[in-house]
Structure formats: C-alpha cells, structure tokens
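Below is final.pdb, which holds PDB, C-alpha atoms.
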```pdb
ATOM      1  CA  MET B 397       0.000   0.000   0.000
ATOM      2  CA  LEU B 398       1.291   3.435  -0.987
ATOM      3  CA  ASN B 399       1.650   6.277   1.510
ATOM      4  CA  VAL B 400      -0.857   9.098   0.953
ATOM      5  CA  GLY B 401      -0.842  12.725   2.011
ATOM      6  CA  ILE B 402      -2.300  16.136   1.204
ATOM      7  CA  ILE B 403      -0.090  17.827  -1.374
ATOM      8  CA  GLY B 404      -2.217  20.860  -2.184
ATOM      9  CA  VAL B 405      -5.050  22.860  -0.611
ATOM     10  CA  GLY B 406      -7.310  25.699  -1.661
ATOM     11  CA  SER B 407     -10.548  27.370  -0.648
ATOM     12  CA  TYR B 408     -13.048  30.032  -1.595
ATOM     13  CA  VAL B 409     -15.740  31.880   0.336
ATOM     14  CA  PRO B 410     -18.150  34.291  -1.366
ATOM     15  CA  GLU B 411     -17.633  38.011  -0.971
ATOM     16  CA  LYS B 412     -21.079  38.764   0.486
ATOM     17  CA  ARG B 413     -20.991  39.056   4.279
ATOM     18  CA  VAL B 414     -24.252  38.650   6.191
ATOM     19  CA  THR B 415     -23.951  39.750   9.812
ATOM     20  CA  ASN B 416     -26.172  38.943  12.760
ATOM     21  CA  PHE B 417     -27.441  42.512  12.555
ATOM     22  CA  ASP B 418     -28.562  41.791   8.988
ATOM     23  CA  MET B 419     -30.438  38.768  10.349
ATOM     24  CA  GLU B 420     -32.172  40.980  12.909
ATOM     25  CA  LYS B 421     -33.801  42.874  10.032
ATOM     26  CA  ILE B 422     -35.562  39.812   8.610
ATOM     27  CA  LEU B 423     -36.081  37.475  11.586
ATOM     28  CA  ASP B 424     -37.210  37.596  15.195
ATOM     29  CA  THR B 425     -33.679  37.217  16.497
ATOM     30  CA  SER B 426     -30.754  39.264  17.791
ATOM     31  CA  ASP B 427     -26.993  39.417  17.538
ATOM     32  CA  GLU B 428     -26.716  38.476  21.209
ATOM     33  CA  TRP B 429     -29.045  35.463  20.837
ATOM     34  CA  ILE B 430     -27.092  34.093  17.866
ATOM     35  CA  ARG B 431     -23.621  34.757  19.312
ATOM     36  CA  THR B 432     -24.280  33.287  22.747
ATOM     37  CA  ARG B 433     -25.896  30.120  21.384
ATOM     38  CA  THR B 434     -23.690  29.444  18.370
ATOM     39  CA  GLY B 435     -20.575  31.643  18.320
ATOM     40  CA  ILE B 436     -21.530  33.011  14.894
ATOM     41  CA  LYS B 437     -21.073  36.722  14.157
ATOM     42  CA  GLU B 438     -21.377  36.642  10.365
ATOM     43  CA  ARG B 439     -21.499  34.216   7.452
ATOM     44  CA  ARG B 440     -20.950  34.323   3.684
ATOM     45  CA  PHE B 441     -23.738  34.013   1.105
ATOM     46  CA  ALA B 442     -23.190  33.110  -2.528
ATOM     47  CA  SER B 443     -24.348  35.676  -5.060
ATOM     48  CA  SER B 444     -27.489  34.992  -7.096
ATOM     49  CA  GLU B 445     -25.261  34.035 -10.042
ATOM     50  CA  GLN B 446     -23.253  31.455  -8.079
ATOM     51  CA  ALA B 447     -24.020  27.767  -7.607
ATOM     52  CA  THR B 448     -22.054  25.122  -5.732
ATOM     53  CA  SER B 449     -19.934  24.178  -8.755
ATOM     54  CA  ASP B 450     -18.796  27.797  -9.121
ATOM     55  CA  LEU B 451     -17.422  27.874  -5.581
ATOM     56  CA  ALA B 452     -15.979  24.371  -5.928
ATOM     57  CA  THR B 453     -14.185  25.252  -9.164
ATOM     58  CA  ILE B 454     -12.319  28.188  -7.612
ATOM     59  CA  ALA B 455     -11.258  26.128  -4.588
ATOM     60  CA  ALA B 456     -10.172  23.274  -6.872
ATOM     61  CA  GLU B 457      -8.065  25.502  -9.103
ATOM     62  CA  ARG B 458      -6.300  26.952  -6.068
ATOM     63  CA  ALA B 459      -5.588  23.505  -4.639
ATOM     64  CA  ILE B 460      -4.214  22.211  -7.946
ATOM     65  CA  LYS B 461      -1.970  25.254  -8.273
ATOM     66  CA  ASP B 462      -0.729  24.741  -4.718
ATOM     67  CA  ALA B 463       0.041  21.092  -5.505
ATOM     68  CA  GLY B 464       2.099  22.118  -8.519
ATOM     69  CA  ILE B 465       0.388  19.724 -10.887
ATOM     70  CA  SER B 466      -1.806  20.020 -13.989
ATOM     71  CA  PRO B 467      -5.577  19.436 -14.006
ATOM     72  CA  GLU B 468      -4.888  16.692 -16.553
ATOM     73  CA  ASP B 469      -2.887  14.826 -13.878
ATOM     74  CA  ILE B 470      -6.008  14.352 -11.724
ATOM     75  CA  GLY B 471      -7.384  10.811 -11.862
ATOM     76  CA  LEU B 472     -10.509  11.278  -9.732
ATOM     77  CA  ILE B 473     -12.651  14.130  -8.408
ATOM     78  CA  ILE B 474     -14.967  13.638  -5.440
ATOM     79  CA  VAL B 475     -17.235  16.481  -4.354
ATOM     80  CA  GLY B 476     -18.782  16.205  -0.900
ATOM     81  CA  THR B 477     -21.917  18.340  -0.993
ATOM     82  CA  ASN B 478     -25.490  18.567   0.252
ATOM     83  CA  SER B 479     -26.410  21.358  -2.142
ATOM     84  CA  PRO B 480     -25.470  20.161  -5.646
ATOM     85  CA  ASP B 481     -26.194  22.370  -8.641
ATOM     86  CA  THR B 482     -28.719  19.725  -9.727
ATOM     87  CA  LEU B 483     -29.599  16.234  -8.488
ATOM     88  CA  TYR B 484     -27.948  15.033 -11.669
ATOM     89  CA  PRO B 485     -25.524  15.325 -13.299
ATOM     90  CA  ALA B 486     -23.052  15.323 -10.426
ATOM     91  CA  THR B 487     -21.521  18.635  -9.436
ATOM     92  CA  ALA B 488     -18.135  16.879  -9.670
ATOM     93  CA  CYS B 489     -18.691  16.401 -13.405
ATOM     94  CA  ARG B 490     -19.323  20.116 -13.844
ATOM     95  CA  VAL B 491     -16.129  20.897 -11.938
ATOM     96  CA  GLN B 492     -14.180  18.354 -14.003
ATOM     97  CA  ALA B 493     -15.165  20.111 -17.226
ATOM     98  CA  ARG B 494     -14.530  23.610 -15.939
ATOM     99  CA  ILE B 495     -11.019  22.954 -14.609
ATOM    100  CA  GLY B 496      -9.993  20.883 -17.637
ATOM    101  CA  ALA B 497      -9.400  17.625 -15.743
ATOM    102  CA  LYS B 498     -10.198  15.621 -18.857
ATOM    103  CA  ASN B 499      -8.623  12.406 -17.576
ATOM    104  CA  ALA B 500     -10.533  12.311 -14.297
ATOM    105  CA  ALA B 501     -13.477  10.223 -13.191
ATOM    106  CA  ALA B 502     -15.909  12.262 -11.105
ATOM    107  CA  PHE B 503     -18.719  11.730  -8.628
ATOM    108  CA  ASP B 504     -20.524  13.426  -5.752
ATOM    109  CA  LEU B 505     -20.627  12.041  -2.233
ATOM    110  CA  GLN B 506     -23.461  12.945   0.117
ATOM    111  CA  ALA B 507     -22.722  12.483   3.830
ATOM    112  CA  GLY B 508     -24.139  15.623   5.415
ATOM    113  CA  CYS B 509     -21.604  17.997   6.882
ATOM    114  CA  THR B 510     -19.144  15.081   7.044
ATOM    115  CA  GLY B 511     -18.970  15.074   3.226
ATOM    116  CA  TRP B 512     -15.371  16.258   2.793
ATOM    117  CA  ILE B 513     -14.048  13.962   5.522
ATOM    118  CA  TYR B 514     -15.815  11.035   3.830
ATOM    119  CA  ALA B 515     -14.645  12.129   0.363
ATOM    120  CA  THR B 516     -11.025  12.509   1.455
ATOM    121  CA  THR B 517     -10.992   9.178   3.281
ATOM    122  CA  VAL B 518     -12.466   7.444   0.218
ATOM    123  CA  GLY B 519     -10.122   9.251  -2.171
ATOM    124  CA  ALA B 520      -7.049   8.288  -0.175
ATOM    125  CA  GLN B 521      -7.845   4.606  -0.617
ATOM    126  CA  PHE B 522      -7.720   4.913  -4.415
ATOM    127  CA  ILE B 523      -4.185   6.242  -4.162
ATOM    128  CA  ARG B 524      -3.122   3.682  -1.559
ATOM    129  CA  THR B 525      -4.124   0.865  -3.909
ATOM    130  CA  GLY B 526      -2.376   2.482  -6.868
ATOM    131  CA  MET B 527      -5.506   3.031  -8.961
ATOM    132  CA  TYR B 528      -4.979   6.811  -9.208
ATOM    133  CA  LYS B 529      -1.914   8.992  -8.790
ATOM    134  CA  TYR B 530      -3.777  12.149  -7.766
ATOM    135  CA  VAL B 531      -7.265  12.588  -6.327
ATOM    136  CA  LEU B 532      -9.022  15.921  -5.872
ATOM    137  CA  THR B 533     -11.507  16.101  -2.990
ATOM    138  CA  ILE B 534     -13.793  19.081  -2.508
ATOM    139  CA  GLY B 535     -16.275  20.118   0.168
ATOM    140  CA  ALA B 536     -18.549  22.705  -1.404
ATOM    141  CA  GLU B 537     -21.901  24.195  -0.482
ATOM    142  CA  VAL B 538     -24.417  26.850  -1.340
ATOM    143  CA  ILE B 539     -26.335  25.443   1.587
ATOM    144  CA  THR B 540     -28.109  28.702   2.418
ATOM    145  CA  ARG B 541     -30.534  27.996  -0.431
ATOM    146  CA  MET B 542     -31.645  24.843   1.360
ATOM    147  CA  MET B 543     -32.720  26.878   4.412
ATOM    148  CA  ASP B 544     -36.051  28.525   5.181
ATOM    149  CA  LYS B 545     -35.631  32.288   5.416
ATOM    150  CA  THR B 546     -38.556  32.408   7.866
ATOM    151  CA  ASP B 547     -37.012  29.903  10.315
ATOM    152  CA  ARG B 548     -35.096  31.756  13.014
ATOM    153  CA  TYR B 549     -33.554  28.522  14.324
ATOM    154  CA  THR B 550     -31.891  27.277  11.112
ATOM    155  CA  TYR B 551     -31.465  30.213   8.745
ATOM    156  CA  VAL B 552     -29.021  32.036  11.040
ATOM    157  CA  LEU B 553     -26.672  29.040  11.283
ATOM    158  CA  PHE B 554     -25.449  28.486   7.754
ATOM    159  CA  GLY B 555     -23.102  30.031   5.219
ATOM    160  CA  ASP B 556     -21.672  29.125   1.807
ATOM    161  CA  GLY B 557     -18.130  28.158   0.823
ATOM    162  CA  ALA B 558     -15.794  25.582  -0.682
ATOM    163  CA  GLY B 559     -12.514  23.929   0.268
ATOM    164  CA  ALA B 560     -10.396  21.469  -1.704
ATOM    165  CA  ALA B 561      -7.401  19.194  -1.317
ATOM    166  CA  VAL B 562      -5.204  17.313  -3.753
ATOM    167  CA  LEU B 563      -4.143  13.916  -2.447
ATOM    168  CA  GLY B 564      -1.053  12.142  -3.708
ATOM    169  CA  ASN B 565       1.623   9.595  -2.910
ATOM    170  CA  ILE B 566       4.309  10.892  -0.515
ATOM    171  CA  GLU B 567       7.421   9.445   1.113
ATOM    172  CA  ASP B 568       6.982  10.573   4.725
ATOM    173  CA  GLY B 569       4.022  11.575   6.877
ATOM    174  CA  GLY B 570       0.540  11.667   5.397
ATOM    175  CA  PHE B 571      -2.598  10.020   6.744
ATOM    176  CA  LEU B 572      -1.971   8.200  10.016
ATOM    177  CA  SER B 573      -5.513   7.008  10.767
ATOM    178  CA  TYR B 574      -9.134   7.355   9.650
ATOM    179  CA  GLU B 575     -12.595   6.447  10.872
ATOM    180  CA  LEU B 576     -16.073   6.870   9.362
ATOM    181  CA  TYR B 577     -19.387   6.262  11.118
ATOM    182  CA  ALA B 578     -23.142   6.526  10.532
ATOM    183  CA  ASP B 579     -26.284   5.968  12.577
ATOM    184  CA  GLY B 580     -29.244   5.962  10.215
ATOM    185  CA  SER B 581     -31.690   5.472  13.079
ATOM    186  CA  LEU B 582     -31.185   9.183  13.801
ATOM    187  CA  ALA B 583     -31.724  10.319  10.198
ATOM    188  CA  GLN B 584     -35.043  12.040  10.943
ATOM    189  CA  HIS B 585     -33.365  14.674  13.100
ATOM    190  CA  LEU B 586     -31.819  16.595  10.172
ATOM    191  CA  VAL B 587     -33.715  16.309   6.895
ATOM    192  CA  LEU B 588     -34.506  18.064   3.640
ATOM    193  CA  PRO B 589     -37.975  16.478   3.319
ATOM    194  CA  ALA B 590     -38.941  17.168  -0.297
ATOM    195  CA  GLY B 591     -37.347  17.084  -3.721
ATOM    196  CA  GLY B 592     -36.442  13.388  -3.838
ATOM    197  CA  SER B 593     -38.289  10.242  -4.857
ATOM    198  CA  ARG B 594     -40.187   9.940  -1.567
ATOM    199  CA  MET B 595     -41.688  13.409  -1.768
ATOM    200  CA  PRO B 596     -41.372  15.005  -5.214
ATOM    201  CA  LEU B 597     -41.893  18.732  -5.500
ATOM    202  CA  SER B 598     -45.521  19.778  -5.732
ATOM    203  CA  GLN B 599     -47.673  22.776  -4.924
ATOM    204  CA  GLU B 600     -48.531  21.194  -1.564
ATOM    205  CA  VAL B 601     -44.827  20.800  -0.771
ATOM    206  CA  LEU B 602     -44.202  24.447  -1.600
ATOM    207  CA  ASP B 603     -47.183  25.611   0.455
ATOM    208  CA  LYS B 604     -45.888  23.679   3.474
ATOM    209  CA  ARG B 605     -42.284  24.814   2.804
ATOM    210  CA  LEU B 606     -41.056  21.220   2.858
ATOM    211  CA  GLN B 607     -38.398  22.035   0.265
ATOM    212  CA  TYR B 608     -36.341  23.456   3.116
ATOM    213  CA  THR B 609     -34.238  21.835   5.849
ATOM    214  CA  THR B 610     -35.848  20.765   9.107
ATOM    215  CA  MET B 611     -33.742  20.083  12.188
ATOM    216  CA  ASP B 612     -34.221  18.865  15.733
ATOM    217  CA  GLY B 613     -31.503  21.024  17.227
ATOM    218  CA  ARG B 614     -31.443  19.277  20.608
ATOM    219  CA  GLU B 615     -30.901  15.807  19.129
ATOM    220  CA  VAL B 616     -28.324  17.010  16.604
ATOM    221  CA  PHE B 617     -26.430  18.773  19.396
ATOM    222  CA  LYS B 618     -26.360  15.612  21.544
ATOM    223  CA  PHE B 619     -25.047  13.488  18.662
ATOM    224  CA  SER B 620     -22.436  16.071  17.715
ATOM    225  CA  VAL B 621     -21.035  16.522  21.228
ATOM    226  CA  ARG B 622     -20.723  12.751  21.577
ATOM    227  CA  GLU B 623     -19.115  12.157  18.193
ATOM    228  CA  ILE B 624     -16.606  15.013  18.188
ATOM    229  CA  SER B 625     -14.821  13.459  21.160
ATOM    230  CA  ARG B 626     -15.540   9.749  20.542
ATOM    231  CA  LEU B 627     -14.218   9.666  16.971
ATOM    232  CA  SER B 628     -11.297  11.940  17.788
ATOM    233  CA  LYS B 629     -10.193   9.629  20.588
ATOM    234  CA  ASN B 630     -10.529   6.628  18.264
ATOM    235  CA  VAL B 631      -8.300   8.020  15.518
ATOM    236  CA  ILE B 632      -5.751   9.255  18.072
ATOM    237  CA  ASN B 633      -5.555   5.717  19.476
ATOM    238  CA  LYS B 634      -5.406   4.135  16.005
ATOM    239  CA  ALA B 635      -2.453   6.352  15.124
ATOM    240  CA  GLY B 636      -0.639   5.364  18.317
ATOM    241  CA  LEU B 637      -0.692   8.943  19.557
ATOM    242  CA  THR B 638      -1.961  10.905  22.526
ATOM    243  CA  ALA B 639      -3.882  14.172  22.563
ATOM    244  CA  ASN B 640      -0.608  15.924  23.428
ATOM    245  CA  ASP B 641       0.821  14.841  20.060
ATOM    246  CA  ILE B 642      -1.855  16.757  18.139
ATOM    247  CA  ASP B 643      -0.570  20.088  16.810
ATOM    248  CA  TRP B 644      -3.844  21.291  15.246
ATOM    249  CA  PHE B 645      -7.447  20.298  15.917
ATOM    250  CA  ILE B 646      -9.864  21.254  13.123
ATOM    251  CA  PRO B 647     -13.451  20.344  14.049
ATOM    252  CA  HIS B 648     -16.574  20.896  12.003
ATOM    253  CA  GLN B 649     -17.777  24.450  12.558
ATOM    254  CA  ALA B 650     -21.408  23.880  13.552
ATOM    255  CA  ASN B 651     -21.595  25.444  16.992
ATOM    256  CA  LEU B 652     -18.936  26.929  19.250
ATOM    257  CA  ARG B 653     -20.385  25.103  22.254
ATOM    258  CA  ILE B 654     -19.866  21.763  20.482
ATOM    259  CA  ILE B 655     -16.259  22.708  19.670
ATOM    260  CA  ASP B 656     -15.632  23.761  23.278
ATOM    261  CA  ALA B 657     -17.092  20.490  24.580
ATOM    262  CA  GLY B 658     -14.895  18.449  22.264
ATOM    263  CA  MET B 659     -11.791  20.436  23.127
ATOM    264  CA  LYS B 660     -12.352  19.936  26.855
ATOM    265  CA  ARG B 661     -13.138  16.215  26.602
ATOM    266  CA  LEU B 662     -10.019  15.617  24.533
ATOM    267  CA  GLY B 663      -7.787  17.821  26.646
ATOM    268  CA  ILE B 664      -6.568  19.830  23.660
ATOM    269  CA  PRO B 665      -5.626  23.424  24.558
ATOM    270  CA  LYS B 666      -7.475  26.306  22.959
ATOM    271  CA  GLU B 667      -4.421  27.567  21.073
ATOM    272  CA  LYS B 668      -4.365  24.345  19.025
ATOM    273  CA  VAL B 669      -8.052  24.537  18.044
ATOM    274  CA  VAL B 670      -9.029  26.169  14.741
ATOM    275  CA  VAL B 671     -12.249  28.206  14.957
ATOM    276  CA  THR B 672     -13.782  29.938  11.944
ATOM    277  CA  ILE B 673     -17.486  29.734  12.798
ATOM    278  CA  ASP B 674     -17.524  33.360  13.930
ATOM    279  CA  LYS B 675     -16.641  34.497  10.380
ATOM    280  CA  TYR B 676     -18.256  31.908   8.122
ATOM    281  CA  GLY B 677     -21.026  30.192  10.083
ATOM    282  CA  ASN B 678     -21.689  26.541   9.285
ATOM    283  CA  SER B 679     -20.792  25.970   5.631
ATOM    284  CA  SER B 680     -21.561  22.255   6.006
ATOM    285  CA  ALA B 681     -19.137  20.013   4.058
ATOM    286  CA  ALA B 682     -16.897  23.019   3.369
ATOM    287  CA  THR B 683     -16.092  24.011   6.959
ATOM    288  CA  VAL B 684     -13.138  21.709   7.625
ATOM    289  CA  PRO B 685     -11.232  22.206   4.334
ATOM    290  CA  VAL B 686     -11.831  25.969   4.457
ATOM    291  CA  ALA B 687     -10.404  26.081   7.987
ATOM    292  CA  LEU B 688      -7.445  23.908   6.950
ATOM    293  CA  ASP B 689      -6.619  26.215   4.052
ATOM    294  CA  GLU B 690      -6.944  29.278   6.244
ATOM    295  CA  ILE B 691      -4.284  28.218   8.741
ATOM    296  CA  TYR B 692      -2.106  26.872   5.918
ATOM    297  CA  ARG B 693      -2.214  30.208   4.064
ATOM    298  CA  ALA B 694      -1.430  32.001   7.324
ATOM    299  CA  GLY B 695       1.789  29.991   7.585
ATOM    300  CA  LYS B 696       0.754  28.320  10.827
ATOM    301  CA  ILE B 697       1.274  24.707   9.718
ATOM    302  CA  LYS B 698       4.802  23.341   9.523
ATOM    303  CA  LYS B 699       6.089  20.105   8.082
ATOM    304  CA  GLY B 700       5.605  17.235  10.504
ATOM    305  CA  ASP B 701       2.599  18.808  12.275
ATOM    306  CA  LYS B 702      -0.096  16.308  13.162
ATOM    307  CA  ILE B 703      -3.552  17.605  12.303
ATOM    308  CA  LEU B 704      -6.749  16.043  13.623
ATOM    309  CA  MET B 705      -9.884  16.798  11.592
ATOM    310  CA  VAL B 706     -13.363  15.671  12.619
ATOM    311  CA  SER B 707     -16.897  16.311  11.406
ATOM    312  CA  PHE B 708     -20.503  15.236  11.966
ATOM    313  CA  GLY B 709     -23.750  15.838  10.133
ATOM    314  CA  ALA B 710     -27.012  14.664   8.594
ATOM    315  CA  GLY B 711     -27.460  10.955   8.335
ATOM    316  CA  MET B 712     -26.425  11.031  11.101
ATOM    317  CA  THR B 713     -22.801  10.696  10.028
ATOM    318  CA  SER B 714     -19.427  11.404  11.537
ATOM    319  CA  GLY B 715     -15.831  10.982  10.471
ATOM    320  CA  ALA B 716     -12.296  11.853  11.473
ATOM    321  CA  PHE B 717      -8.703  11.431  10.378
ATOM    322  CA  ILE B 718      -5.210  12.461  11.394
ATOM    323  CA  VAL B 719      -2.718  13.629   8.808
ATOM    324  CA  GLU B 720       0.950  14.385   9.349
ATOM    325  CA  TRP B 721       1.731  17.452   7.246
ATOM    326  CA  SER B 722       4.292  16.706   4.551
ATOM    327  CA  LYS B 723       4.423  19.988   2.619
TER
END
```

If you convert what's in this file into structure tokens, what do you get?
Amino acid sequence: MLNVGIIGVGSYVPEKRVTNFDMEKILDTSDEWIRTRTGIKERRFASSEQATSDLATIAAERAIKDAGISPEDIGLIIVGTNSPDTLYPATACRVQARIGAKNAAAFDLQAGCTGWIYATTVGAQFIRTGMYKYVLTIGAEVITRMMDKTDRYTYVLFGDGAGAAVLGNIEDGGFLSYELYADGSLAQHLVLPAGGSRMPLSQEVLDKRLQYTTMDGREVFKFSVREISRLSKNVINKAGLTANDIDWFIPHQANLRIIDAGMKRLGIPKEKVVVTIDKYGNSSAATVPVALDEIYRAGKIKKGDKILMVSFGAGMTSGAFIVEWSK
C-alpha cells in the first residue's frame, strides 16, 4: 500500500458578508441570541449568479496550483456536498469540465456535513491501492438555499463556501488514521424532506415549505457533542498517539459550544483549536477544508505537524482522520 498525504489545498468563500445585525432585520432574532448560542457573528452568502460548482471550481483551481500539478494529472474528483447544482448530473462532473481535468473520473458524495471527511478518506484509498496517482476532494456548499428564510432557528446558522485538497503519494508523513461512522436510526433529526423520490416537489410541498431543511436542534447537538470526542479519541488511538501529540485540531464548525465540549473532553488546549465559525457560520461540508486552508495560508502549519480533523452531520454521520503534514 502506498503512503498518501495532502499535497495541495485551496478554498473560496463568497464576498457577500451577512452579519447577525442583517439577520435581525428579517427574523425575530438578535446578535446576542445568535452569538451566545452558536458563536456566529457573520457568514458568507453566494451571489445569485453562483451555484455550488462555481465555488468548488475556484477552490479546486487553487488547490491544484498549490500542488504544482496540472488538471490533466487528476485521476478522480470527489465532491462532498449537500447542495449540488442539480440532483444530476453530479456537481463533480461540472467541476471536471470547468477545470480541464479531462482524464478524471468524477462523482458526488453525500454524507451531510461530514462530506469532505468522507470524500477525502475514500479518495485516499484509491491512491493507496495504486488506482490513481492524484485525487481531488472538494467540500462545497451553497447550503443557504436549502434553508427557510422564515425559520429563526436554522437560517441564522449556515453560510456558503468551498474547500479542496489534492491527495497524492508521498514518502513521509501523510494520513496516520481514519474512521467513518453513521447511525441511520437518527436520520429524521436533520432532513430536507422534499425534492427526492419519496416526496417530489408539488404545490402542496411548496405551500408547506417542505423544500427546506428541518432540524431537531437538541438531538443534533447531543449526537455532535458525543461524536466530536468519541471519533477523535478513536483516531488518536489508532495512530498510536496521545492528545498531546496533536498540533492542530480542526473540528466541524457547527456550533462553538460543540467545539468547546470536544476540546475539553479531549484535553486539547485552545491555542491548538481552529475556529472559523464566527466568520463563516456553518458551511456544512466546506467548513473543515476551508479552515485547513486558512491556517495553511497564514503559515501556521509546519512540516511534521499532526492535524486532527473531525466532522458530523445529517445521516447522522461522523468521520475523522489524522494527517501528518508533509508539505
């Protein structure tokens, strides 16, 4: 089995900032209510001309440039998303065409907010077995369009964005451990009810606003707090490490209280924890790769650093991995 690592990263967040004070103008909410319950101060919204593939394409091009390879070198593209441009064709196919990756296979992977963690774990296995030399994984969302603008409990939480990574064979470092998990018995707690084969779009669906996300916040919170620490501990143990060996902890940016709970349970100090939720809100499958790229661009990651990334989301799903930085 070949050794696999991240050889290039890139991200993109839309220019439009939507603050909590902007939310106060359209919903029965307040900046204080949102900040104290979630840690969010603002989020980014895609423009009316932008779809998920547009954000994903920019992030992909930046990651490929960072990797120092050509789009034609890419063997596979996996886009983790919950807000594809269309149900079919796959958003990954649109990205493949736009970046000129003419030799790449392409598919979307839907695993809730855990989409990029799933996609990267899956993509790494193709390189380990020697099937592909380079795999491009992207977490991309225009998830705000899946939210009900009249729902004060969900609409304030989410933002749009995209993050990407190029995976390749490396000599030293790379992925040290992975773990993926799902509990479908909890699926009803975070759902987009209509638009699929069970409930096609209809006038009744539109009247009842079932084309938008519904969420049992209490149940999702309980699952998330449990999984952020459980899966993190598992991958730390699998890698033969301790929490003290972790240089950077990048959790899914869903709620600052969830991040704080995970940090405390793991015993990881605050200065090692990457938090971007205050600026970008919850951009679903994009949160972890966007945060990774942010600290990378800031020059905070050095070769040999061990980075723990963990996420959780609709399904309910969760996933985590540890990568030793090799760039």

- Task: Translate the PyMOL selection byres ((chain B and resi 535-551) around 6), as applied to the file shown, into an explicit residue set as a list in words.
- Result: Leu423, Thr448, Ala452, Val475, Gly476, Thr477, Ser479, Trp512, Ile534, Val552, Leu553, Phe554, Gly555, Asp556, Gly557, Ala558, Gly559, Tyr608, Thr609, Ala681 and Ala682 of chain B

- Task: For B:Thr434, work out the shell of residues within 7 Å, counting all atoms listed in the file and skipping chain neighbours fewer than 3 positions away, then give it as a VMD selection string.
- Result: chain B and resid 430 to 431 651 to 653

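Here the question is which of B:Gly519, B:Gly404, B:Pro410, B:Gly508 gets nearest to B:Ala459 using all atoms listed in the file, and that residue is B:Gly404.
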
- Query: Near B:Ala710, within 12 Å and counting all atoms listed in the file, which residues show up once chain neighbours fewer than 6 positions away are dropped, as a ChimeraX atom specification?
  - Reply: /B:477-478,506-511,577-588,609-613,615-617,619-620,650,680-681

Using the chain letters and residue numbers of this document, give as a PDB file with C-alpha atoms, in the frame of the given file the residues selected by the PyMOL selection byres ((chain B and resi 634) around 12).
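The result, written out as selection15.pdb:
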```pdb
ATOM      1  CA  PHE B 571      -2.598  10.020   6.744  1.00  0.00           C
ATOM      2  CA  LEU B 572      -1.971   8.200  10.016  1.00  0.00           C
ATOM      3  CA  SER B 573      -5.513   7.008  10.767  1.00  0.00           C
ATOM      4  CA  TYR B 574      -9.134   7.355   9.650  1.00  0.00           C
ATOM      5  CA  GLU B 575     -12.595   6.447  10.872  1.00  0.00           C
ATOM      6  CA  LEU B 627     -14.218   9.666  16.971  1.00  0.00           C
ATOM      7  CA  SER B 628     -11.297  11.940  17.788  1.00  0.00           C
ATOM      8  CA  LYS B 629     -10.193   9.629  20.588  1.00  0.00           C
ATOM      9  CA  ASN B 630     -10.529   6.628  18.264  1.00  0.00           C
ATOM     10  CA  VAL B 631      -8.300   8.020  15.518  1.00  0.00           C
ATOM     11  CA  ILE B 632      -5.751   9.255  18.072  1.00  0.00           C
ATOM     12  CA  ASN B 633      -5.555   5.717  19.476  1.00  0.00           C
ATOM     13  CA  ALA B 635      -2.453   6.352  15.124  1.00  0.00           C
ATOM     14  CA  GLY B 636      -0.639   5.364  18.317  1.00  0.00           C
ATOM     15  CA  LEU B 637      -0.692   8.943  19.557  1.00  0.00           C
ATOM     16  CA  THR B 638      -1.961  10.905  22.526  1.00  0.00           C
ATOM     17  CA  ALA B 716     -12.296  11.853  11.473  1.00  0.00           C
ATOM     18  CA  PHE B 717      -8.703  11.431  10.378  1.00  0.00           C
ATOM     19  CA  ILE B 718      -5.210  12.461  11.394  1.00  0.00           C
TER      20      ILE B 718
END
```

- Query: From the set B:Ile691, B:Ile403, B:Val601, B:Ile673, which residue has the shortest atom-to-atom contact distance to B:Trp721, counting all atoms listed in the file?
  - Reply: B:Ile403

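Between B:Ala639 and the residues B:Ile436, B:Val684, B:Leu398, B:Leu662, the shortest atom-to-atom distance, using all atoms listed in the file, involves B:Leu662.
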
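Our summary of the geometry notes that atom CA of B:Phe441 is positioned 10.1 Å from atom CA of B:Gly677.
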
- Message: So that I can check the surroundings of B:Val491, please list as a list of chain:residue names every protein, DNA and RNA residue that reaches within 7 Å of it, counting only C-alpha atoms and ignoring chain neighbours fewer than 2 positions away.
- Response: B:Ser449, B:Ala452, B:Thr453, B:Thr487, B:Ala488, B:Cys489, B:Ala493, B:Arg494, B:Ile495

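With atom CA of B:Gly715 on one side and atom CA of B:Thr517 on the other, the separation reads 8.9 Å.
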
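Taking atom CA of B:Asp462 and atom CA of B:Lys412 as endpoints, the distance between them is 25.3 Å.
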
- Task: Please write the residues picked by the PyMOL selection byres ((chain B and resi 670) around 9) on this file as a ChimeraX atom specification.
- Result: /B:644-647,666-669,671-672,687-688,691
